[in-house]
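A.B. asks: Pasting data10.csv below, which is CSV, C-alpha atoms and all ligand atoms.
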chain,number,residue,atom,x,y,z
A,1,MET,CA,23.2,-21.3,-23.7
A,2,SER,CA,22.7,-18.8,-20.9
A,3,ILE,CA,19.8,-16.7,-19.9
A,4,GLU,CA,19.9,-13.0,-20.5
A,5,TYR,CA,18.0,-11.0,-18.0
A,6,ASP,CA,17.9,-7.7,-16.1
A,7,LYS,CA,20.2,-8.2,-13.2
A,8,ALA,CA,18.7,-5.3,-11.3
A,9,LYS,CA,15.4,-7.3,-10.8
A,10,LYS,CA,14.3,-10.6,-9.5
A,11,PHE,CA,13.9,-13.1,-12.3
A,12,ALA,CA,11.3,-15.6,-13.2
A,13,CYS,CA,11.0,-17.6,-16.5
A,14,LEU,CA,9.3,-20.2,-18.5
A,15,PHE,CA,11.3,-23.1,-19.9
A,16,GLY,CA,10.1,-25.1,-22.9
A,17,SER,CA,10.0,-25.1,-26.7
A,18,PRO,CA,8.2,-23.4,-28.4
A,19,VAL,CA,7.4,-20.7,-25.9
A,20,ALA,CA,7.0,-17.6,-28.1
A,21,HIS,CA,3.2,-18.0,-28.2
A,22,SER,CA,2.8,-18.3,-24.4
A,23,ILE,CA,0.6,-16.0,-22.4
A,24,SER,CA,2.6,-16.6,-19.2
A,25,PRO,CA,5.1,-13.7,-19.6
A,26,ALA,CA,2.3,-11.2,-20.1
A,27,MET,CA,0.2,-12.5,-17.2
A,28,HIS,CA,3.1,-12.6,-14.7
A,29,ASN,CA,4.7,-9.4,-15.7
A,30,TYR,CA,1.4,-7.6,-15.5
A,31,SER,CA,0.9,-9.1,-12.0
A,32,PHE,CA,4.4,-8.1,-10.8
A,33,GLU,CA,3.8,-4.6,-12.0
A,34,LYS,CA,0.3,-4.4,-10.5
A,35,LEU,CA,1.6,-5.5,-7.0
A,36,GLY,CA,4.8,-3.5,-7.2
A,37,ILE,CA,7.0,-6.6,-7.2
A,38,ASP,CA,10.4,-5.7,-8.7
A,39,ALA,CA,10.7,-8.8,-10.9
A,40,LYS,CA,10.6,-9.8,-14.6
A,41,TYR,CA,9.4,-13.0,-16.2
A,42,TYR,CA,11.1,-14.2,-19.4
A,43,ALA,CA,10.2,-17.0,-21.9
A,44,VAL,CA,13.3,-19.1,-22.5
A,45,ASP,CA,13.2,-21.3,-25.6
A,46,VAL,CA,15.1,-24.3,-24.5
A,47,ASN,CA,15.0,-28.0,-25.2
A,48,ALA,CA,16.4,-31.0,-23.3
A,49,ASP,CA,19.9,-30.4,-24.7
A,50,GLY,CA,20.1,-26.9,-23.3
A,51,LEU,CA,18.5,-27.6,-20.0
A,52,GLU,CA,21.6,-28.4,-18.0
A,53,ASP,CA,23.1,-24.9,-18.8
A,54,VAL,CA,20.0,-22.9,-18.0
A,55,MET,CA,19.5,-24.8,-14.7
A,56,LYS,CA,23.1,-23.7,-13.6
A,57,ASP,CA,22.0,-20.1,-14.4
A,58,ILE,CA,19.1,-20.2,-12.1
A,59,ARG,CA,21.1,-21.6,-9.2
A,60,VAL,CA,23.3,-18.6,-9.1
A,61,THR,CA,20.9,-15.7,-9.9
A,62,ASP,CA,18.4,-13.7,-7.9
A,63,PHE,CA,15.9,-16.4,-9.0
A,64,LEU,CA,12.2,-16.1,-8.1
A,65,GLY,CA,10.9,-19.2,-9.8
A,66,ALA,CA,10.1,-20.8,-13.1
A,67,ASN,CA,7.4,-22.5,-15.1
A,68,VAL,CA,8.2,-25.6,-17.2
A,69,THR,CA,6.2,-26.6,-20.3
A,70,MET,CA,6.4,-29.0,-23.2
A,71,PRO,CA,8.6,-31.0,-23.8
A,72,LEU,CA,10.4,-30.6,-20.5
A,73,LYS,CA,7.9,-31.4,-17.7
A,74,THR,CA,9.4,-34.8,-17.0
A,75,GLU,CA,13.0,-34.1,-18.2
A,76,ILE,CA,13.3,-31.3,-15.6
A,77,ILE,CA,13.0,-33.6,-12.6
A,78,LYS,CA,16.6,-34.8,-12.6
A,79,TYR,CA,17.8,-31.2,-12.1
A,80,LEU,CA,15.6,-30.6,-9.0
A,81,ASP,CA,16.4,-31.3,-5.3
A,82,ARG,CA,12.9,-32.5,-4.4
A,83,LEU,CA,9.3,-32.7,-5.5
A,84,ASP,CA,6.0,-31.9,-3.8
A,85,ILE,CA,3.4,-34.7,-3.5
A,86,SER,CA,1.4,-33.8,-6.6
A,87,SER,CA,4.6,-33.8,-8.8
A,88,GLN,CA,5.8,-37.1,-7.2
A,89,LEU,CA,2.4,-38.8,-8.1
A,90,ALA,CA,2.1,-37.2,-11.5
A,91,GLY,CA,5.8,-37.6,-12.4
A,92,ALA,CA,5.8,-34.1,-13.9
A,93,VAL,CA,6.7,-30.6,-12.9
A,94,ASN,CA,5.4,-27.3,-14.3
A,95,THR,CA,6.7,-25.0,-11.5
A,96,ILE,CA,10.1,-24.6,-9.9
A,97,VAL,CA,10.4,-22.8,-6.5
A,98,PRO,CA,13.8,-22.0,-4.8
A,99,ILE,CA,13.4,-22.9,-1.1
A,100,ASN,CA,16.3,-22.5,1.3
A,101,GLY,CA,18.9,-23.1,-1.5
A,102,GLN,CA,17.0,-26.1,-2.9
A,103,LEU,CA,15.0,-26.2,-6.2
A,104,VAL,CA,11.6,-27.7,-5.5
A,105,GLY,CA,9.3,-29.0,-8.2
A,106,TYR,CA,5.5,-28.6,-8.1
A,107,THR,CA,2.7,-29.2,-10.6
A,108,THR,CA,0.0,-26.6,-10.6
A,109,ASP,CA,-1.9,-27.7,-13.7
A,110,GLY,CA,-4.3,-30.0,-11.9
A,111,ALA,CA,-4.9,-27.5,-9.1
A,112,GLY,CA,-5.5,-24.8,-11.8
A,113,PHE,CA,-8.1,-27.0,-13.4
A,114,VAL,CA,-9.9,-27.7,-10.0
A,115,ASP,CA,-9.7,-23.9,-9.3
A,116,SER,CA,-11.3,-23.2,-12.7
A,117,LEU,CA,-14.3,-25.4,-11.9
A,118,ARG,CA,-15.4,-22.7,-9.4
A,119,GLU,CA,-16.2,-20.6,-12.4
A,120,ILE,CA,-19.2,-22.9,-12.9
A,121,ASP,CA,-19.7,-23.6,-9.2
A,122,VAL,CA,-18.4,-27.1,-9.2
A,123,ASP,CA,-16.6,-28.7,-6.3
A,124,VAL,CA,-15.0,-32.1,-7.0
A,125,GLU,CA,-15.3,-33.5,-3.5
A,126,GLY,CA,-17.5,-36.7,-3.5
A,127,LYS,CA,-17.9,-36.6,-7.3
A,128,ASP,CA,-17.6,-39.6,-9.7
A,129,ILE,CA,-15.4,-38.4,-12.6
A,130,LEU,CA,-14.6,-39.8,-16.0
A,131,ILE,CA,-11.5,-38.4,-17.7
A,132,LEU,CA,-10.6,-39.1,-21.3
A,133,GLY,CA,-6.9,-39.5,-21.9
A,134,ALA,CA,-4.0,-40.3,-19.7
A,135,GLY,CA,-1.2,-38.0,-20.9
A,136,GLY,CA,0.6,-35.1,-19.2
A,137,ALA,CA,-2.4,-32.9,-18.6
A,138,ALA,CA,-4.7,-35.8,-17.6
A,139,THR,CA,-2.2,-37.1,-15.1
A,140,SER,CA,-1.9,-33.7,-13.2
A,141,VAL,CA,-5.6,-33.3,-13.2
A,142,ILE,CA,-6.2,-36.9,-11.9
A,143,VAL,CA,-3.7,-36.4,-9.0
A,144,GLU,CA,-5.4,-33.2,-8.0
A,145,LEU,CA,-8.9,-34.7,-8.2
A,146,ALA,CA,-7.8,-37.4,-5.9
A,147,ILE,CA,-6.1,-35.1,-3.5
A,148,ASP,CA,-9.3,-33.0,-3.4
A,149,LYS,CA,-11.3,-36.1,-2.5
A,150,ALA,CA,-13.2,-37.0,-5.6
A,151,ASN,CA,-15.3,-40.2,-4.9
A,152,SER,CA,-14.0,-42.1,-7.9
A,153,ILE,CA,-11.9,-41.5,-11.0
A,154,THR,CA,-12.3,-43.5,-14.2
A,155,ILE,CA,-9.6,-43.1,-16.7
A,156,ALA,CA,-10.5,-43.9,-20.4
A,157,LYS,CA,-7.4,-44.7,-22.4
A,158,ARG,CA,-6.5,-46.5,-25.6
A,159,PHE,CA,-5.3,-50.0,-24.7
A,160,ASN,CA,-1.9,-49.5,-26.4
A,161,LYS,CA,1.7,-49.8,-25.3
A,162,THR,CA,1.4,-47.3,-22.5
A,163,ILE,CA,-1.5,-49.0,-20.8
A,164,GLY,CA,0.8,-50.7,-18.2
A,165,ASP,CA,2.2,-47.4,-17.1
A,166,VAL,CA,-1.3,-45.9,-16.7
A,167,LEU,CA,-2.5,-48.9,-14.7
A,168,GLU,CA,0.6,-48.5,-12.4
A,169,PHE,CA,-0.1,-44.7,-12.1
A,170,ALA,CA,-3.8,-45.4,-11.2
A,171,ASN,CA,-2.7,-47.8,-8.5
A,172,ARG,CA,-0.2,-45.3,-7.1
A,173,VAL,CA,-2.9,-42.7,-6.9
A,174,THR,CA,-5.3,-45.0,-5.1
A,175,THR,CA,-2.6,-46.2,-2.7
A,176,LYS,CA,-1.6,-42.6,-1.7
A,177,THR,CA,-5.0,-41.0,-1.6
A,178,ASN,CA,-7.5,-43.9,-1.0
A,179,VAL,CA,-9.6,-42.6,-4.0
A,180,LYS,CA,-10.9,-45.4,-6.2
A,181,THR,CA,-9.5,-45.4,-9.7
A,182,SER,CA,-10.2,-47.6,-12.7
A,183,VAL,CA,-9.0,-47.7,-16.3
A,184,ILE,CA,-11.3,-48.5,-19.2
A,185,ASP,CA,-10.8,-48.8,-23.0
A,186,ILE,CA,-11.6,-45.4,-24.6
A,187,GLU,CA,-12.5,-47.3,-27.8
A,188,ASP,CA,-15.2,-49.4,-26.1
A,189,ASN,CA,-18.3,-47.4,-26.6
A,190,ASN,CA,-20.4,-49.5,-24.2
A,191,ALA,CA,-17.9,-49.0,-21.4
A,192,ILE,CA,-17.8,-45.3,-22.1
A,193,LYS,CA,-21.6,-45.1,-22.1
A,194,GLU,CA,-21.8,-47.0,-18.8
A,195,ALA,CA,-19.0,-44.8,-17.2
A,196,ILE,CA,-20.8,-41.6,-18.3
A,197,LEU,CA,-24.0,-42.8,-16.7
A,198,GLN,CA,-22.2,-43.3,-13.4
A,199,SER,CA,-20.4,-40.0,-13.5
A,200,HIS,CA,-21.1,-36.5,-12.3
A,201,ILE,CA,-18.3,-34.9,-14.3
A,202,LEU,CA,-16.8,-35.8,-17.8
A,203,ILE,CA,-13.4,-34.3,-18.7
A,204,ASN,CA,-11.7,-34.4,-22.1
A,205,ALA,CA,-8.0,-34.4,-21.6
A,206,THR,CA,-7.1,-35.7,-25.1
A,207,PRO,CA,-6.3,-33.3,-28.1
A,208,VAL,CA,-9.4,-34.6,-30.0
A,209,GLY,CA,-11.4,-31.6,-30.9
A,210,MET,CA,-8.4,-29.2,-31.1
A,211,THR,CA,-7.8,-29.3,-34.9
A,212,SER,CA,-11.0,-31.0,-36.1
A,213,ASN,CA,-14.7,-30.9,-35.4
A,214,LYS,CA,-14.5,-34.3,-33.8
A,215,THR,CA,-15.5,-35.7,-30.4
A,216,LEU,CA,-14.8,-39.1,-28.7
A,217,ILE,CA,-18.3,-39.0,-27.1
A,218,ASP,CA,-21.6,-39.8,-28.8
A,219,LYS,CA,-23.9,-36.9,-28.1
A,220,SER,CA,-26.7,-39.4,-27.0
A,221,PHE,CA,-24.5,-40.4,-24.0
A,222,LEU,CA,-24.8,-36.9,-22.5
A,223,ARG,CA,-27.5,-35.8,-20.1
A,224,LYS,CA,-28.2,-32.4,-18.8
A,225,GLU,CA,-27.1,-33.1,-15.2
A,226,LEU,CA,-23.6,-34.0,-16.4
A,227,ILE,CA,-20.9,-31.4,-16.0
A,228,VAL,CA,-18.7,-31.4,-19.2
A,229,CYS,CA,-15.2,-30.0,-19.3
A,230,ASP,CA,-12.6,-29.8,-22.1
A,231,LEU,CA,-9.0,-28.9,-21.3
A,232,ILE,CA,-8.7,-27.6,-24.8
A,233,TYR,CA,-9.0,-23.8,-24.9
A,234,GLU,CA,-8.5,-23.1,-28.6
A,235,PRO,CA,-11.0,-23.5,-30.1
A,236,PRO,CA,-13.1,-22.3,-27.1
A,237,MET,CA,-16.1,-24.4,-28.1
A,238,THR,CA,-15.0,-27.9,-29.2
A,239,LYS,CA,-17.6,-30.3,-30.7
A,240,LEU,CA,-17.9,-32.0,-27.2
A,241,LEU,CA,-18.7,-28.6,-25.6
A,242,LEU,CA,-21.1,-27.7,-28.3
A,243,ASP,CA,-22.9,-31.0,-27.8
A,244,ALA,CA,-22.9,-30.4,-24.1
A,245,SER,CA,-24.4,-26.9,-24.5
A,246,GLU,CA,-27.1,-28.2,-26.7
A,247,VAL,CA,-28.0,-30.9,-24.2
A,248,GLY,CA,-28.2,-28.3,-21.5
A,249,CYS,CA,-25.1,-29.4,-19.4
A,250,ARG,CA,-22.9,-27.0,-17.4
A,251,TYR,CA,-19.6,-26.9,-19.4
A,252,LEU,CA,-16.2,-25.4,-19.2
A,253,ASN,CA,-13.2,-25.1,-21.6
A,254,GLY,CA,-9.5,-25.0,-20.6
A,255,LYS,CA,-9.0,-21.2,-20.7
A,256,TYR,CA,-9.3,-20.7,-17.0
A,257,MET,CA,-7.2,-23.7,-16.2
A,258,LEU,CA,-4.4,-21.8,-17.8
A,259,LEU,CA,-5.1,-18.7,-15.7
A,260,TYR,CA,-5.4,-20.5,-12.4
A,261,GLN,CA,-2.3,-22.7,-12.9
A,262,GLY,CA,-0.4,-19.4,-13.3
A,263,ALA,CA,-2.0,-17.9,-10.3
A,264,ARG,CA,-0.9,-21.0,-8.2
A,265,SER,CA,2.7,-20.6,-9.5
A,266,PHE,CA,2.6,-16.9,-8.7
A,267,LYS,CA,1.5,-17.5,-5.1
A,268,LEU,CA,4.3,-20.1,-4.6
A,269,TRP,CA,7.0,-17.7,-5.8
A,270,THR,CA,5.8,-14.4,-4.3
A,271,ASN,CA,3.4,-15.5,-1.4
A,272,ASN,CA,1.0,-13.0,-3.0
A,273,ASP,CA,-2.3,-13.7,-4.7
A,274,MET,CA,-2.2,-12.9,-8.4
A,275,PRO,CA,-4.7,-10.1,-9.2
A,276,VAL,CA,-6.9,-12.7,-11.0
A,277,LYS,CA,-9.8,-10.4,-11.7
A,278,GLU,CA,-7.6,-7.9,-13.5
A,279,VAL,CA,-5.6,-10.6,-15.3
A,280,LYS,CA,-8.8,-12.2,-16.4
A,281,ALA,CA,-10.2,-8.9,-17.8
A,282,GLU,CA,-6.8,-8.1,-19.5
A,283,TYR,CA,-5.9,-11.4,-21.1
A,284,PHE,CA,-8.8,-13.9,-20.8
A,285,SER,CA,-11.9,-12.1,-21.9
B,1,LIG,P1,-0.4,-35.8,-24.2
B,1,LIG,O1,0.5,-35.9,-23.1
B,1,LIG,O2,0.1,-36.1,-25.6
B,1,LIG,O3,-1.6,-36.8,-23.9
B,1,LIG,C1,-2.7,-37.0,-24.8
B,1,LIG,C2,-3.6,-38.1,-24.4
B,1,LIG,O4,-4.7,-38.1,-25.3
B,1,LIG,C3,-3.0,-39.5,-24.4
B,1,LIG,O5,-3.5,-40.2,-23.3
B,1,LIG,C4,-3.5,-40.1,-25.7
B,1,LIG,O6,-3.7,-41.4,-25.7
B,1,LIG,C5,-4.9,-39.4,-25.8
B,1,LIG,N1,-5.3,-39.4,-27.2
B,1,LIG,C6,-4.7,-38.7,-28.2
B,1,LIG,N2,-5.4,-38.9,-29.4
B,1,LIG,C7,-6.4,-39.7,-29.1
B,1,LIG,C8,-7.5,-40.3,-29.9
B,1,LIG,N3,-7.6,-40.1,-31.2
B,1,LIG,N4,-8.3,-41.2,-29.3
B,1,LIG,C9,-8.1,-41.5,-27.9
B,1,LIG,N5,-7.2,-41.0,-27.2
B,1,LIG,C10,-6.3,-40.1,-27.7
B,1,LIG,O7,-1.1,-34.4,-24.3
B,1,LIG,P2,-1.4,-33.4,-23.0
B,1,LIG,O8,-0.3,-32.5,-22.8
B,1,LIG,O9,-1.9,-34.2,-21.9
B,1,LIG,O10,-2.6,-32.5,-23.6
B,1,LIG,C11,-3.9,-33.0,-23.8
B,1,LIG,C12,-4.8,-31.8,-24.1
B,1,LIG,O11,-4.9,-31.0,-23.0
B,1,LIG,C13,-4.4,-31.0,-25.3
B,1,LIG,O12,-5.5,-30.7,-26.1
B,1,LIG,C14,-3.9,-29.7,-24.6
B,1,LIG,O13,-4.1,-28.6,-25.4
B,1,LIG,C15,-4.7,-29.6,-23.4
B,1,LIG,N6,-4.0,-28.9,-22.3
B,1,LIG,C16,-4.6,-27.8,-21.8
B,1,LIG,C17,-4.0,-27.1,-20.7
B,1,LIG,C18,-4.7,-25.9,-20.2
B,1,LIG,O14,-4.1,-25.2,-19.4
B,1,LIG,N7,-5.9,-25.7,-20.4
B,1,LIG,C19,-2.8,-27.6,-20.2
B,1,LIG,C20,-2.2,-28.7,-20.8
B,1,LIG,C21,-2.8,-29.4,-21.8
B,1,LIG,P3,-2.6,-42.6,-25.6
B,1,LIG,O15,-2.2,-42.6,-24.2
B,1,LIG,O16,-3.4,-43.8,-26.0
B,1,LIG,O17,-1.6,-42.2,-26.6
Re-express the file's structure as structure tokens.

C.D. replies:
Amino acid sequence: MSIEYDKAKKFACLFGSPVAHSISPAMHNYSFEKLGIDAKYYAVDVNADGLEDVMKDIRVTDFLGANVTMPLKTEIIKYLDRLDISSQLAGAVNTIVPINGQLVGYTTDGAGFVDSLREIDVDVEGKDILILGAGGAATSVIVELAIDKANSITIAKRFNKTIGDVLEFANRVTTKTNVKTSVIDIEDNNAIKEAILQSHILINATPVGMTSNKTLIDKSFLRKELIVCDLIYEPPMTKLLLDASEVGCRYLNGKYMLLYQGARSFKLWTNNDMPVKEVKAEYFS
């Protein structure tokens, strides 16, 4: 397959499948227009089989940059010339930037999450953090929390066949950043209770709560000083966040993570700040 685009403009895109529902084209095209940047952003529905062809297309066009989403965040790496430190550690890429003829991979998901915490006046530096899940989103967030100098990161994960990879990942993060990491069993309620007691911030990075009214955390483990985040944005109030609001915690869903990861990509491509206030009012209110 090849990408169809307006050759009179600079060109940016999203690779993944499915992509039809994505808010990224609207948010980036609005920002290009607002700032007078002569570019257009396209959603390109492509899976691993079609990736080689579209990657050839972007090496020969007036290419501004791309986002990469499921299921290609790891698959894309073999087509890139180099990775920034976050992508190296996370083993995933969600942003491609052409720099001096090379394609460079970045991950802005974690930084987008940390940026979103400013919405509730939270800075991760020095904080003890418990994160539930160790998949793609969790990994990017963990890397950024470590780069931004969290005091400690506890990863709660099922002790199944991927536990070895997660232990290796946690070691890699500690070696590169000096931030203490540990891995606990998400199904061990005593370990979870203890970890919450010792944490300033709790983050749900599992899909639990997305399609059901379930939470992995017993409400009695929450206390009002705890900051509770859920990367899920639909529904906006998961059971975990409802419990947190009832206990009186500061809480945040994943909506603004989506906005700020886009703003980070936009800056990498254009060297301009995304007009976040306007984008927020237009697409995230
Ligand atoms: P993923 O790669 O599939 O990882 C999911 C993680 O959750 C895995 O570690 C998995 O455990 C764990 N998990 C799943 N079901 C579980 C259960 N019943 N009990 C315990 N652990 C369970 O998914 P992802 O891409 O990281 O996405 C995770 C969530 O983040 C999704 O809800 C997604 O919508 C959200 N997200 C939000 C944004 C945003 O911009 N706001 C961006 C990306 C993702 P195992 O390792 O044991 O399999």

A.B. asks: Using all atoms listed in the file for the distances, tell me which of A:Asp84, A:Asn100, A:Ile217, A:Ile201 is nearest to Asp123 in chain A.

C.D. replies: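 Nearest to Asp123 in chain A: A:Ile201.
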
A.B. asks: Taking (18.0, -29.1, -17.0) in the coordinates of the supplied file, I want to know which residues reach to within 10 Å of it, counting only C-alpha atoms; could you give the answer as a list in words?

C.D. replies: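 Residues lying no farther than 10 Å from the given point: Phe15, Val46, Asn47, Ala48, Asp49, Gly50, Leu51, Glu52, Asp53, Val54, Met55, Lys56, Leu72, Glu75, Ile76, Ile77, Lys78, Tyr79 and Leu80 of chain A.
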
A.B. asks: For the contact check between chain A and ligand LIG 1 (chain B), emit one row per residue of chain A within 7 Å, containing the shortest atom pair and the distance in Å rounded to one decimal, counting all atoms listed in the file, chain then rising number order, as JSON lines.

C.D. replies:
{"residue": "A:Asp109", "atom": "CA", "partner": "B:LIG1", "partner_atom": "C19", "distance": 6.6}
{"residue": "A:Gly133", "atom": "CA", "partner": "B:LIG1", "partner_atom": "O5", "distance": 3.7}
{"residue": "A:Ala134", "atom": "CA", "partner": "B:LIG1", "partner_atom": "O5", "distance": 3.6}
{"residue": "A:Gly135", "atom": "CA", "partner": "B:LIG1", "partner_atom": "O3", "distance": 3.3}
{"residue": "A:Gly136", "atom": "CA", "partner": "B:LIG1", "partner_atom": "O9", "distance": 3.8}
{"residue": "A:Ala137", "atom": "CA", "partner": "B:LIG1", "partner_atom": "O9", "distance": 3.6}
{"residue": "A:Ala138", "atom": "CA", "partner": "B:LIG1", "partner_atom": "O9", "distance": 5.4}
{"residue": "A:Lys157", "atom": "CA", "partner": "B:LIG1", "partner_atom": "O16", "distance": 5.5}
{"residue": "A:Arg158", "atom": "CA", "partner": "B:LIG1", "partner_atom": "O16", "distance": 4.1}
{"residue": "A:Phe159", "atom": "CA", "partner": "B:LIG1", "partner_atom": "O16", "distance": 6.6}
{"residue": "A:Asn160", "atom": "CA", "partner": "B:LIG1", "partner_atom": "O16", "distance": 5.9}
{"residue": "A:Thr162", "atom": "CA", "partner": "B:LIG1", "partner_atom": "O15", "distance": 6.2}
{"residue": "A:Ile186", "atom": "CA", "partner": "B:LIG1", "partner_atom": "C9", "distance": 6.2}
{"residue": "A:Ala205", "atom": "CA", "partner": "B:LIG1", "partner_atom": "O11", "distance": 4.8}
{"residue": "A:Thr206", "atom": "CA", "partner": "B:LIG1", "partner_atom": "O4", "distance": 3.4}
{"residue": "A:Pro207", "atom": "CA", "partner": "B:LIG1", "partner_atom": "O12", "distance": 3.4}
{"residue": "A:Val208", "atom": "CA", "partner": "B:LIG1", "partner_atom": "N2", "distance": 5.9}
{"residue": "A:Met210", "atom": "CA", "partner": "B:LIG1", "partner_atom": "O12", "distance": 6.0}
{"residue": "A:Leu216", "atom": "CA", "partner": "B:LIG1", "partner_atom": "N4", "distance": 6.9}
{"residue": "A:Leu231", "atom": "CA", "partner": "B:LIG1", "partner_atom": "N7", "distance": 4.5}
{"residue": "A:Ile232", "atom": "CA", "partner": "B:LIG1", "partner_atom": "O12", "distance": 4.6}
{"residue": "A:Tyr233", "atom": "CA", "partner": "B:LIG1", "partner_atom": "N7", "distance": 5.8}
{"residue": "A:Gly254", "atom": "CA", "partner": "B:LIG1", "partner_atom": "N7", "distance": 3.7}
{"residue": "A:Lys255", "atom": "CA", "partner": "B:LIG1", "partner_atom": "N7", "distance": 5.5}
{"residue": "A:Tyr256", "atom": "CA", "partner": "B:LIG1", "partner_atom": "N7", "distance": 6.9}
{"residue": "A:Met257", "atom": "CA", "partner": "B:LIG1", "partner_atom": "O14", "distance": 4.7}
{"residue": "A:Leu258", "atom": "CA", "partner": "B:LIG1", "partner_atom": "O14", "distance": 3.8}

A.B. asks: Would you give me, as CSV, each residue of range 58-171 of chain A having an atom within 12 Å of an atom of range 27-37 of chain A, along with its shortest atom pair and that distance in Å to one decimal, using only C-alpha atoms and sorting by chain and residue number?

C.D. replies:
residue,atom,partner,partner_atom,distance
A:Leu64,CA,A:Ile37,CA,10.9
A:Gly65,CA,A:His28,CA,11.3
A:Ala66,CA,A:His28,CA,10.9
A:Asn67,CA,A:His28,CA,10.8

A.B. asks: CA of Ile96 in chain A and CA of Thr175 in chain A are how many Å apart?

C.D. replies: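 So the two atoms, CA of Ile96 in chain A and CA of Thr175 in chain A, lie 26.1 Å apart.
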
A.B. asks: Identify, on the basis of all atoms listed in the file, every residue whose closest approach to Asn178 in chain A does not exceed 12 Å; exclude the query and any residue fewer than 4 positions from it along the same chain; express the result as a JSON list (two decimals) with C-alpha atoms, keeping the file's coordinate frame.

C.D. replies:
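Everything below was put into around03.json:
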[["chain", "number", "residue", "atom", "x", "y", "z"],
["A", 143, "VAL", "CA", -3.70, -36.40, -9.00],
["A", 145, "LEU", "CA", -8.90, -34.70, -8.20],
["A", 146, "ALA", "CA", -7.80, -37.40, -5.90],
["A", 147, "ILE", "CA", -6.10, -35.10, -3.50],
["A", 148, "ASP", "CA", -9.30, -33.00, -3.40],
["A", 149, "LYS", "CA", -11.30, -36.10, -2.50],
["A", 150, "ALA", "CA", -13.20, -37.00, -5.60],
["A", 151, "ASN", "CA", -15.30, -40.20, -4.90],
["A", 152, "SER", "CA", -14.00, -42.10, -7.90],
["A", 153, "ILE", "CA", -11.90, -41.50, -11.00],
["A", 170, "ALA", "CA", -3.80, -45.40, -11.20],
["A", 171, "ASN", "CA", -2.70, -47.80, -8.50],
["A", 172, "ARG", "CA", -0.20, -45.30, -7.10],
["A", 173, "VAL", "CA", -2.90, -42.70, -6.90],
["A", 174, "THR", "CA", -5.30, -45.00, -5.10]]

A.B. asks: List the neighbours of Val44 in chain A out to 12 Å using all atoms listed in the file; skip same-chain residues closer than 4 positions along the sequence, and give me the result as a ChimeraX atom specification.

C.D. replies: /A:1-5,11-22,24-25,50-51,53-55,57-58,66-69

A.B. asks: If I take CA of Ile129 in chain A and CA of Ile155 in chain A, how far is one from the other in Å, to one decimal?

C.D. replies: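 Interatomic distance here is 8.5 Å.
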
A.B. asks: I'd like the interatomic distance between CA of Leu132 in chain A and CA of Leu202 in chain A, to a tenth of an Å.

C.D. replies: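 It comes out at 7.8 Å.
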
A.B. asks: Kindly indicate which residue among A:Lys219, A:Lys180, A:Lys280, A:Lys161 lies nearest to Gly262 in chain A, using all atoms listed in the file for the distances.

C.D. replies: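 Residue with the minimum atom-to-atom distance to Gly262 in chain A: A:Lys280.
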